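The structure file final-v1.txt is reproduced below (compact mmCIF, C-alpha atoms).
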```txt
# COMPACT_ATOMS: atom_id res chain seq x y z
CA MET A 1 -69.31 104.68 -69.31
CA TRP A 2 -67.09 104.61 -66.21
CA LEU A 3 -68.44 108.06 -65.41
CA LEU A 4 -72.00 106.72 -65.50
CA LEU A 5 -70.99 103.91 -63.15
CA ILE A 6 -69.44 106.38 -60.70
CA THR A 7 -72.62 108.47 -60.78
CA SER A 8 -74.75 105.42 -60.02
CA VAL A 9 -72.58 104.47 -57.06
CA ILE A 10 -72.62 108.00 -55.67
CA SER A 11 -76.39 108.26 -56.15
CA THR A 12 -76.85 105.00 -54.24
CA PHE A 13 -74.97 106.40 -51.26
CA GLY A 14 -76.15 109.94 -51.84
CA GLY A 15 -77.30 110.76 -48.33
CA ALA A 16 -74.12 109.64 -46.66
CA HIS A 17 -72.17 112.89 -46.83
CA GLY A 18 -69.37 111.53 -44.71
CA LEU A 19 -68.76 108.55 -46.98
CA PHE A 20 -66.56 110.34 -49.51
CA GLY A 21 -64.75 112.72 -47.22
CA LYS A 22 -65.37 116.13 -45.82
CA LEU A 23 -67.47 118.59 -47.80
CA GLY A 24 -65.64 121.79 -48.67
CA PRO A 25 -67.36 125.19 -48.72
CA GLY A 26 -69.33 125.93 -51.87
CA ASN A 27 -68.79 128.92 -54.13
CA PRO A 28 -72.01 130.70 -55.17
CA GLU A 29 -70.64 131.43 -58.68
CA ALA A 30 -70.96 127.72 -59.47
CA ASN A 31 -74.70 128.28 -59.99
CA MET A 32 -74.60 131.76 -61.56
CA ASN A 33 -74.79 132.94 -65.15
CA ILE A 34 -71.99 135.05 -66.64
CA SER A 35 -73.51 138.43 -65.74
CA GLN A 36 -74.10 137.31 -62.17
CA MET A 37 -70.52 136.01 -61.87
CA ILE A 38 -69.18 139.39 -62.96
CA THR A 39 -71.41 141.55 -60.78
CA TYR A 40 -70.92 139.24 -57.79
CA TRP A 41 -67.40 140.65 -57.43
CA GLY A 42 -68.55 144.25 -57.81
CA TYR A 43 -67.73 144.74 -61.50
CA PRO A 44 -70.12 146.30 -64.03
CA CYS A 45 -71.47 144.02 -66.76
CA GLN A 46 -73.24 144.57 -70.06
CA GLU A 47 -74.76 141.75 -72.08
CA TYR A 48 -75.30 141.68 -75.86
CA GLU A 49 -76.52 139.33 -78.55
CA VAL A 50 -74.50 139.32 -81.77
CA VAL A 51 -76.04 137.77 -84.88
CA THR A 52 -73.65 136.17 -87.37
CA GLU A 53 -74.03 136.26 -91.14
CA ASP A 54 -75.33 132.67 -91.09
CA GLY A 55 -77.85 133.33 -88.32
CA TYR A 56 -76.22 132.20 -85.07
CA ILE A 57 -76.96 134.35 -82.03
CA LEU A 58 -73.90 134.70 -79.81
CA GLY A 59 -73.88 135.81 -76.18
CA VAL A 60 -71.24 138.51 -75.73
CA TYR A 61 -70.39 140.10 -72.37
CA ARG A 62 -68.62 143.32 -71.48
CA ILE A 63 -66.83 144.57 -68.37
CA PRO A 64 -66.52 148.25 -69.34
CA HIS A 65 -64.24 149.19 -66.45
CA GLY A 66 -62.82 147.96 -63.17
CA LYS A 67 -64.29 148.33 -59.71
CA ASN A 68 -62.50 151.58 -58.95
CA ASN A 69 -61.78 153.24 -62.30
CA SER A 70 -65.09 154.14 -63.89
CA GLU A 71 -63.97 157.47 -65.41
CA ASN A 72 -63.31 157.95 -69.17
CA ILE A 73 -65.13 154.77 -70.17
CA GLY A 74 -65.27 155.67 -73.85
CA LYS A 75 -61.52 156.19 -74.13
CA ARG A 76 -60.42 152.85 -72.78
CA PRO A 77 -58.43 150.45 -74.98
CA VAL A 78 -60.45 147.35 -75.82
CA VAL A 79 -59.49 143.72 -75.16
CA TYR A 80 -61.46 140.78 -76.52
CA LEU A 81 -61.08 137.35 -74.84
CA GLN A 82 -61.93 134.17 -76.78
CA HIS A 83 -62.22 130.82 -74.98
CA GLY A 84 -61.16 127.37 -76.14
CA LEU A 85 -62.73 124.03 -77.07
CA ILE A 86 -65.90 122.91 -75.17
CA ALA A 87 -65.52 126.01 -72.99
CA SER A 88 -67.11 129.44 -72.56
CA ALA A 89 -66.49 133.01 -71.41
CA THR A 90 -66.72 131.80 -67.80
CA ASN A 91 -63.13 130.54 -68.15
CA TRP A 92 -61.83 134.11 -67.83
CA ILE A 93 -63.77 134.88 -64.61
CA ALA A 94 -63.77 131.53 -62.77
CA ASN A 95 -61.08 132.41 -60.24
CA LEU A 96 -60.87 135.22 -57.70
CA PRO A 97 -60.56 138.74 -59.20
CA ASN A 98 -56.81 138.92 -58.56
CA ASN A 99 -56.36 135.63 -60.44
CA SER A 100 -58.83 136.00 -63.35
CA LEU A 101 -57.58 137.66 -66.53
CA ALA A 102 -60.84 139.47 -67.34
CA PHE A 103 -61.00 141.15 -63.94
CA MET A 104 -57.30 141.98 -63.94
CA LEU A 105 -57.61 143.67 -67.35
CA ALA A 106 -60.64 145.68 -66.23
CA ASP A 107 -58.78 146.87 -63.13
CA ALA A 108 -55.78 147.76 -65.32
CA GLY A 109 -57.95 150.21 -67.28
CA TYR A 110 -59.22 148.14 -70.19
CA ASP A 111 -62.67 147.75 -71.72
CA VAL A 112 -62.99 143.96 -71.60
CA TRP A 113 -65.21 141.87 -73.88
CA LEU A 114 -65.89 138.14 -73.47
CA GLY A 115 -67.00 136.06 -76.46
CA ASN A 116 -68.83 132.75 -76.73
CA SER A 117 -68.51 130.40 -79.69
CA ARG A 118 -71.61 129.03 -81.39
CA GLY A 119 -73.15 126.00 -79.73
CA ASN A 120 -71.88 126.56 -76.20
CA THR A 121 -74.15 127.19 -73.21
CA TRP A 122 -74.43 130.94 -73.92
CA SER A 123 -74.66 130.83 -77.73
CA ARG A 124 -77.22 128.17 -78.48
CA LYS A 125 -79.69 130.10 -80.63
CA ASN A 126 -80.10 130.62 -84.36
CA VAL A 127 -82.41 132.79 -86.48
CA TYR A 128 -83.27 129.88 -88.80
CA TYR A 129 -82.64 126.59 -86.98
CA SER A 130 -83.62 125.10 -83.66
CA PRO A 131 -80.82 123.67 -81.53
CA ASP A 132 -82.83 120.45 -81.66
CA SER A 133 -82.09 120.17 -85.38
CA VAL A 134 -79.11 118.51 -87.06
CA GLU A 135 -78.73 121.62 -89.24
CA PHE A 136 -77.96 123.80 -86.21
CA TRP A 137 -74.95 121.63 -85.32
CA ALA A 138 -73.43 121.45 -88.82
CA PHE A 139 -70.38 123.52 -87.92
CA SER A 140 -66.82 123.29 -86.67
CA PHE A 141 -64.15 125.85 -85.88
CA ASP A 142 -64.17 126.73 -89.61
CA GLU A 143 -67.47 128.54 -89.14
CA MET A 144 -66.37 130.10 -85.86
CA ALA A 145 -63.47 131.70 -87.73
CA LYS A 146 -65.48 132.62 -90.82
CA TYR A 147 -68.60 133.97 -89.10
CA ASP A 148 -68.37 134.21 -85.28
CA LEU A 149 -65.14 136.20 -84.97
CA PRO A 150 -65.93 138.77 -87.70
CA ALA A 151 -69.44 139.34 -86.36
CA THR A 152 -68.24 139.75 -82.77
CA ILE A 153 -65.17 141.87 -83.51
CA ASN A 154 -67.07 144.14 -85.91
CA PHE A 155 -69.79 144.58 -83.28
CA ILE A 156 -67.22 145.53 -80.63
CA VAL A 157 -65.44 147.98 -82.94
CA GLN A 158 -68.72 149.62 -83.87
CA LYS A 159 -69.96 149.75 -80.27
CA THR A 160 -66.77 151.17 -78.77
CA GLY A 161 -65.68 153.42 -81.63
CA GLN A 162 -62.20 151.88 -81.43
CA GLU A 163 -60.47 151.20 -84.73
CA LYS A 164 -58.29 148.41 -83.32
CA ILE A 165 -58.60 146.02 -80.40
CA HIS A 166 -56.38 143.56 -78.53
CA TYR A 167 -57.25 139.88 -79.08
CA VAL A 168 -56.55 137.18 -76.50
CA GLY A 169 -57.23 133.57 -77.45
CA HIS A 170 -56.81 130.34 -75.54
CA SER A 171 -56.61 126.93 -77.25
CA GLN A 172 -59.30 126.82 -79.96
CA GLY A 173 -59.61 130.57 -79.45
CA THR A 174 -56.13 130.81 -80.98
CA THR A 175 -57.07 128.38 -83.76
CA ILE A 176 -59.96 130.49 -85.00
CA GLY A 177 -57.78 133.59 -84.63
CA PHE A 178 -55.08 132.09 -86.86
CA ILE A 179 -57.68 131.18 -89.47
CA ALA A 180 -59.66 134.43 -89.39
CA PHE A 181 -56.68 136.79 -89.37
CA SER A 182 -54.87 134.91 -92.16
CA THR A 183 -57.90 134.64 -94.47
CA ASN A 184 -59.72 137.91 -93.73
CA PRO A 185 -57.31 140.88 -94.16
CA THR A 186 -60.07 143.42 -93.44
CA LEU A 187 -60.70 141.81 -90.06
CA ALA A 188 -56.97 141.48 -89.37
CA LYS A 189 -56.55 145.26 -89.67
CA LYS A 190 -58.81 145.67 -86.64
CA ILE A 191 -56.43 143.72 -84.37
CA LYS A 192 -53.62 145.53 -82.55
CA THR A 193 -51.93 142.44 -81.18
CA PHE A 194 -52.90 138.77 -80.93
CA TYR A 195 -52.02 137.21 -77.57
CA ALA A 196 -52.01 133.42 -78.04
CA LEU A 197 -52.22 131.19 -74.95
CA ALA A 198 -51.60 127.46 -75.51
CA PRO A 199 -51.84 127.95 -79.29
CA VAL A 200 -53.24 125.17 -81.45
CA ALA A 201 -52.88 124.85 -85.22
CA THR A 202 -51.62 121.37 -86.10
CA VAL A 203 -52.19 118.57 -83.57
CA LYS A 204 -49.83 116.06 -85.13
CA TYR A 205 -48.02 115.37 -81.85
CA THR A 206 -50.87 115.77 -79.37
CA GLN A 207 -51.00 113.28 -76.51
CA SER A 208 -54.56 114.22 -75.60
CA PRO A 209 -57.37 111.63 -75.78
CA LEU A 210 -58.17 113.44 -79.03
CA LYS A 211 -55.51 111.14 -80.46
CA LYS A 212 -57.49 108.06 -79.45
CA ILE A 213 -60.73 109.58 -80.70
CA SER A 214 -59.13 110.12 -84.10
CA PHE A 215 -58.94 106.34 -84.60
CA ILE A 216 -62.71 105.95 -84.30
CA PRO A 217 -64.28 105.78 -87.80
CA THR A 218 -66.59 108.73 -88.50
CA PHE A 219 -69.70 106.57 -88.89
CA LEU A 220 -69.02 104.87 -85.55
CA PHE A 221 -68.33 108.20 -83.82
CA LYS A 222 -71.71 109.48 -85.03
CA LEU A 223 -73.38 106.28 -83.85
CA MET A 224 -71.86 106.83 -80.43
CA PHE A 225 -72.40 110.59 -80.08
CA GLY A 226 -75.03 111.46 -82.71
CA LYS A 227 -74.82 114.33 -85.16
CA LYS A 228 -75.64 117.24 -82.90
CA MET A 229 -74.10 118.42 -79.63
CA PHE A 230 -70.93 117.07 -78.06
CA LEU A 231 -70.25 117.43 -74.31
CA PRO A 232 -72.98 119.90 -73.36
CA HIS A 233 -73.06 121.12 -69.80
CA THR A 234 -75.55 119.07 -67.79
CA TYR A 235 -76.91 118.80 -64.29
CA PHE A 236 -74.49 115.89 -63.92
CA ASP A 237 -71.58 118.35 -64.12
CA ASP A 238 -73.22 120.51 -61.46
CA PHE A 239 -73.62 117.40 -59.32
CA LEU A 240 -69.95 116.55 -59.73
CA GLY A 241 -68.96 120.07 -58.75
CA THR A 242 -71.15 120.54 -55.72
CA GLU A 243 -71.75 117.04 -54.35
CA VAL A 244 -68.61 115.15 -55.27
CA CYS A 245 -65.62 117.33 -56.06
CA SER A 246 -65.81 119.32 -52.87
CA ARG A 247 -65.13 116.09 -51.00
CA GLU A 248 -61.43 115.88 -50.43
CA VAL A 249 -61.09 112.17 -51.20
CA LEU A 250 -62.62 112.47 -54.65
CA ASP A 251 -61.16 115.72 -55.97
CA LEU A 252 -58.67 113.83 -58.14
CA LEU A 253 -61.45 111.67 -59.55
CA CYS A 254 -63.29 114.78 -60.64
CA SER A 255 -60.17 116.31 -62.10
CA ASN A 256 -60.04 113.40 -64.49
CA THR A 257 -63.58 114.19 -65.58
CA LEU A 258 -62.92 117.88 -66.19
CA PHE A 259 -59.41 117.69 -67.55
CA ILE A 260 -59.57 114.48 -69.55
CA PHE A 261 -58.81 116.23 -72.84
CA CYS A 262 -56.32 118.75 -71.52
CA GLY A 263 -54.38 117.27 -68.62
CA PHE A 264 -54.35 118.17 -64.94
CA ASP A 265 -51.92 120.15 -62.80
CA LYS A 266 -53.22 119.72 -59.27
CA LYS A 267 -50.26 121.51 -57.66
CA ASN A 268 -51.04 124.75 -59.50
CA LEU A 269 -54.83 124.71 -59.37
CA ASN A 270 -57.05 126.27 -56.73
CA VAL A 271 -59.02 123.15 -55.84
CA SER A 272 -61.38 125.25 -53.71
CA ARG A 273 -62.77 126.56 -57.04
CA PHE A 274 -63.56 123.11 -58.42
CA ASP A 275 -67.29 123.59 -58.10
CA VAL A 276 -67.05 126.75 -60.23
CA TYR A 277 -65.01 125.04 -62.95
CA LEU A 278 -67.39 122.08 -63.06
CA GLY A 279 -70.41 124.30 -62.67
CA HIS A 280 -69.74 125.76 -66.10
CA ASN A 281 -67.64 123.18 -67.96
CA PRO A 282 -67.91 121.51 -70.35
CA ALA A 283 -70.05 124.10 -72.13
CA GLY A 284 -70.50 122.03 -75.28
CA THR A 285 -69.76 122.19 -78.98
CA SER A 286 -70.81 120.23 -82.05
CA VAL A 287 -69.95 116.63 -82.86
CA GLN A 288 -68.67 118.03 -86.17
CA ASP A 289 -66.20 120.25 -84.32
CA PHE A 290 -64.71 117.21 -82.59
CA LEU A 291 -64.67 115.26 -85.84
CA HIS A 292 -62.73 118.14 -87.39
CA TRP A 293 -60.09 117.92 -84.66
CA ALA A 294 -59.89 114.16 -85.14
CA GLN A 295 -59.25 114.76 -88.85
CA LEU A 296 -56.36 117.10 -88.03
CA VAL A 297 -54.81 114.50 -85.73
CA ARG A 298 -54.90 111.95 -88.56
CA SER A 299 -53.64 114.31 -91.28
CA GLY A 300 -51.08 116.24 -89.26
CA LYS A 301 -52.17 119.30 -91.26
CA PHE A 302 -53.94 122.56 -90.40
CA GLN A 303 -56.84 122.45 -92.83
CA ALA A 304 -60.55 122.95 -93.28
CA PHE A 305 -63.16 120.31 -92.46
CA ASN A 306 -63.25 117.28 -94.73
CA TRP A 307 -66.86 116.73 -95.71
CA GLY A 308 -66.25 113.06 -96.45
CA SER A 309 -65.95 112.80 -100.22
CA PRO A 310 -64.31 114.63 -103.14
CA SER A 311 -67.75 115.63 -104.46
CA GLN A 312 -68.84 117.12 -101.12
CA ASN A 313 -65.55 118.96 -100.76
CA MET A 314 -66.00 120.32 -104.30
CA LEU A 315 -69.38 121.72 -103.25
CA HIS A 316 -67.87 123.49 -100.22
CA TYR A 317 -64.40 124.44 -101.44
CA ASN A 318 -64.39 124.03 -105.22
CA GLN A 319 -61.62 121.47 -104.80
CA LYS A 320 -61.55 117.77 -103.96
CA THR A 321 -59.58 118.08 -100.72
CA PRO A 322 -60.01 120.54 -97.85
CA PRO A 323 -57.80 123.63 -98.24
CA GLU A 324 -54.90 124.06 -95.83
CA TYR A 325 -54.71 127.21 -93.73
CA ASP A 326 -51.59 129.30 -94.34
CA VAL A 327 -50.71 130.83 -90.98
CA SER A 328 -47.77 132.66 -92.57
CA ALA A 329 -50.30 134.88 -94.37
CA MET A 330 -51.27 136.43 -91.02
CA THR A 331 -49.51 139.75 -90.51
CA VAL A 332 -51.10 140.60 -87.15
CA PRO A 333 -48.42 140.99 -84.44
CA VAL A 334 -48.59 137.95 -82.16
CA ALA A 335 -47.26 137.06 -78.70
CA VAL A 336 -47.21 133.38 -77.74
CA TRP A 337 -47.19 131.56 -74.40
CA ASN A 338 -47.12 127.77 -74.43
CA GLY A 339 -46.68 125.01 -71.88
CA GLY A 340 -43.93 122.44 -71.79
CA ASN A 341 -46.30 119.96 -70.16
CA ASP A 342 -49.26 120.57 -72.50
CA ILE A 343 -50.71 117.33 -73.86
CA LEU A 344 -53.08 119.11 -76.26
CA ALA A 345 -50.93 121.95 -77.65
CA ASP A 346 -47.82 119.77 -77.69
CA PRO A 347 -44.51 121.68 -77.69
CA GLN A 348 -43.54 119.93 -80.93
CA ASP A 349 -46.63 121.30 -82.68
CA VAL A 350 -45.94 124.76 -81.25
CA ALA A 351 -42.36 124.51 -82.53
CA MET A 352 -43.74 123.85 -86.01
CA LEU A 353 -46.08 126.85 -85.71
CA LEU A 354 -43.67 129.52 -84.49
CA PRO A 355 -41.52 129.86 -87.66
CA LYS A 356 -44.71 130.39 -89.68
CA LEU A 357 -45.72 133.45 -87.66
CA SER A 358 -44.40 136.29 -89.79
CA ASN A 359 -44.84 138.94 -87.09
CA LEU A 360 -43.92 137.11 -83.88
CA LEU A 361 -43.26 139.70 -81.18
CA PHE A 362 -42.75 137.45 -78.18
CA HIS A 363 -42.58 133.80 -77.20
CA LYS A 364 -42.36 132.17 -73.80
CA GLU A 365 -42.55 128.49 -72.94
CA ILE A 366 -43.48 127.73 -69.35
CA LEU A 367 -42.08 124.25 -68.82
CA ALA A 368 -44.37 123.22 -65.96
CA TYR A 369 -47.60 124.46 -67.57
CA ASN A 370 -50.29 122.29 -69.07
CA HIS A 371 -53.17 123.36 -71.29
CA LEU A 372 -55.51 124.79 -68.66
CA ASP A 373 -52.89 126.46 -66.49
CA PHE A 374 -53.09 129.49 -68.79
CA ILE A 375 -56.61 130.24 -67.60
CA TRP A 376 -56.75 128.77 -64.08
CA ALA A 377 -53.26 128.36 -62.61
CA MET A 378 -52.69 130.10 -59.31
CA ASP A 379 -49.48 131.65 -60.62
CA ALA A 380 -50.90 132.66 -64.03
CA PRO A 381 -50.71 136.39 -63.13
CA GLN A 382 -46.99 136.09 -62.42
CA GLU A 383 -46.21 133.79 -65.35
CA VAL A 384 -48.48 135.27 -68.03
CA TYR A 385 -51.01 137.99 -67.22
CA ASN A 386 -48.71 140.70 -65.85
CA GLU A 387 -46.43 140.32 -68.89
CA MET A 388 -49.40 140.53 -71.22
CA ILE A 389 -50.82 143.65 -69.54
CA SER A 390 -47.39 145.31 -69.70
CA MET A 391 -47.17 144.54 -73.41
CA MET A 392 -50.63 146.02 -73.97
CA ALA A 393 -49.59 149.18 -72.12
CA GLU A 394 -46.54 149.56 -74.35
CA ASP A 395 -48.70 149.11 -77.45
```

Is it possible to give me this structure as structure tokens?
Amino acid sequence: MWLLLITSVISTFGGAHGLFGKLGPGNPEANMNISQMITYWGYPCQEYEVVTEDGYILGVYRIPHGKNNSENIGKRPVVYLQHGLIASATNWIANLPNNSLAFMLADAGYDVWLGNSRGNTWSRKNVYYSPDSVEFWAFSFDEMAKYDLPATINFIVQKTGQEKIHYVGHSQGTTIGFIAFSTNPTLAKKIKTFYALAPVATVKYTQSPLKKISFIPTFLFKLMFGKKMFLPHTYFDDFLGTEVCSREVLDLLCSNTLFIFCGFDKKNLNVSRFDVYLGHNPAGTSVQDFLHWAQLVRSGKFQAFNWGSPSQNMLHYNQKTPPEYDVSAMTVPVAVWNGGNDILADPQDVAMLLPKLSNLLFHKEILAYNHLDFIWAMDAPQEVYNEMISMMAED
């Protein structure tokens, strides 16, 4: 509600550009789609639609090579990047090319693929259901792991002719990786190495506002937010990015809007890119997805969605309680980077996760990092990306 109040105030004084401080220069990518963002910097882009087993149509994007290394396209090793909660593939291309993981990988000789989870801005279609229906939004990260990842990875493997690919996940992108690769051995065999940034399994110790949301009864949460989409991208976000956040006095205000669930590290963020971040985030997910996270905060466990009653759980799982996910069953080699200042993927939760990873190749905790530094920090290449690319080269 405070956000609505701020919008009203700003709208009232809308014409007075000098009122809130000096306007910074705008970045054209703030108003572009994914393909346009990629080609804007001189990279090639291919766009695909992948249909899942349960009918969701996912937007998948490919950067087949870098700006200056177009030879031997078919022989390039493949990397798949999977975004986090309420986000999209734009996360990997929102900074300048020398600071965005997708572009860096392409320039390093990789065939780079960018996925989008069901329900976000670029994956809001279904063969059977309209996004206006409640049925369309009856999913959480369970379904992303069960349907989205297998469909996308199998499509990439078939399209490229590669038997195995590198998988990079951030936040919820690691969550669905842990689930998919521990429950689907056939899919796991197609992954060379799993690179987990700000990994999330349990959220027992999270200090994110997710913790506060978890105390809201389910019926009240649905009264407040409905049963469909949660935090879709709107013209309001564009307004914040282009008309408010470029004003120096209010950049911190906007950071609280964008980073409310994940924390904010102003010292390590390129604030000149704020309009791009806000131009594409939040990208939306389902109310059910957020309810699932709230359940995990309350239970302290890493388990499937609780459908609300023993009888409903019996229908979905053939047992009265949601099954727990056994991360130790995942044999895929995994490298982990986590932040010491991460309020969502709390270091205590990461410490509980690490011993369960049966094939842990590498772990690094970056004490100053918060949740979003892994995708947008100005020193992410030095702290994370260069290490990751070196590991891929050795593989």

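Residues with any atom within 10 Å of Ser309 of chain A, counting only C-alpha atoms and excluding same-chain neighbours fewer than 3 positions away, are A:Asn306, A:Gln312, A:Asn313, A:Met314, A:Lys320, A:Thr321.
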
In terms of all atoms listed in the file, the residue from A:Asp111, A:Pro310, A:Ile93, A:Pro199 at minimal distance from Ser70 of chain A is A:Asp111

Using all atoms listed in the file, what residues lie at most 12 Å away from (-47.2, 141.5, -69.6) (file coordinates), given as a ChimeraX atom specification?
/A:101,104-105,108,195,335-337,362-364,380-395

What is the distance between atom CA of Leu58 of chain A and atom CA of Thr152 of chain A, in Å to one decimal?
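So the two atoms, atom CA of Leu58 of chain A and atom CA of Thr152 of chain A, lie 8.1 Å apart.
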
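Atom CA of Asn126 of chain A lies 28.4 Å from atom CA of Leu210 of chain A.
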
For Glu29 of chain A, the nearest of the candidates A:Phe219, A:Phe290, A:Tyr369, A:Tyr277, counting all atoms listed in the file
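Under the stated criterion, the closest residue is A:Tyr277.
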
Spatial sel., origin (-74.4, 118.5, -88.5), limit 8 Å, all atoms listed in the file, listed as an mmCIF file with C-alpha atoms, keeping the file's coordinate frame:
```cif
data_model
loop_
_atom_site.group_PDB
_atom_site.id
_atom_site.type_symbol
_atom_site.label_atom_id
_atom_site.label_comp_id
_atom_site.auth_asym_id
_atom_site.auth_seq_id
_atom_site.Cartn_x
_atom_site.Cartn_y
_atom_site.Cartn_z
ATOM 1 C CA VAL A 134 -79.110 118.510 -87.060
ATOM 2 C CA GLU A 135 -78.730 121.620 -89.240
ATOM 3 C CA PHE A 136 -77.960 123.800 -86.210
ATOM 4 C CA TRP A 137 -74.950 121.630 -85.320
ATOM 5 C CA ALA A 138 -73.430 121.450 -88.820
ATOM 6 C CA PHE A 139 -70.380 123.520 -87.920
ATOM 7 C CA LYS A 227 -74.820 114.330 -85.160
ATOM 8 C CA LYS A 228 -75.640 117.240 -82.900
ATOM 9 C CA SER A 286 -70.810 120.230 -82.050
ATOM 10 C CA VAL A 287 -69.950 116.630 -82.860
ATOM 11 C CA GLN A 288 -68.670 118.030 -86.170
#
```

Could you tell me how far atom CA of Lys267 of chain A sits from atom CA of Gly115 of chain A, in Å to one decimal place?
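These atoms are spaced 29.1 Å apart.
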
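Of the listed residues A:Gln158, A:Thr90, A:Thr174, A:Gln319, the one whose atoms come nearest to Thr121 of chain A is A:Thr90, with distances taken using all atoms listed in the file.
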
Considering all atoms listed in the file, tabulate each residue of segment 24-84 of chain A that lies at most 12 Å from segment 372-379 of chain A along with its nearest interatomic pair and the corresponding distance in Å to one decimal; arrange the rows by chain and ascending residue number and present them as CSV.
```
residue,atom,partner,partner_atom,distance
A:Leu81,CA,A:Ile375,CA,11.1
A:Gln82,CA,A:Ile375,CA,11.3
A:His83,CA,A:Ile375,CA,9.3
A:Gly84,CA,A:Leu372,CA,9.7
```

Between A:Gln172, A:Ser140, A:Ser100, A:Asn270, which one has atoms that come closest to His292 of chain A, using only C-alpha atoms?
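Of A:Gln172, A:Ser140, A:Ser100, A:Asn270, the one nearest His292 of chain A, counting only C-alpha atoms, is A:Ser140.
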
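With all atoms listed in the file as the basis for measurement, A:Ile165 is the residue among A:Leu96, A:Lys75, A:Ser130, A:Ile165 that approaches Trp113 of chain A most closely.
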
Determine, counting only C-alpha atoms, which protein, DNA and RNA residues have an atom within 8 Å of an atom of Leu357 of chain A; residues of the same chain fewer than 6 positions away are not included. Present the result as JSON, numbers by chain.
{"A": [327, 328, 330, 331, 334]}

Might you pull out every residue within 12 Å of Arg124 of chain A, with only C-alpha atoms counted and same-chain residues fewer than 2 positions away left off, and present them as a VMD selection string?
chain A and resid 49 to 51 55 to 59 88 116 to 122 126 to 127 129 to 133 136 to 137 228 to 229 232 to 233 283 to 286

For Ile179 of chain A, which residue out of A:Gln295, A:Asn69, A:Asn98, A:Gln303 is the nearest one, using only C-alpha atoms?
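For Ile179 of chain A, the nearest of the candidates is A:Gln303.
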
Edge lengths and centre, in Å to one decimal, as lines of an AutoDock Vina configuration file: that's what I need for the box along x, y and z that holds all listed atoms of segment 339-357 of chain A plus 5 Å on each side.
```
center_x = -47.3
center_y = 125.4
center_z = -79.9
size_x = 21.6
size_y = 26.1
size_z = 29.5
```
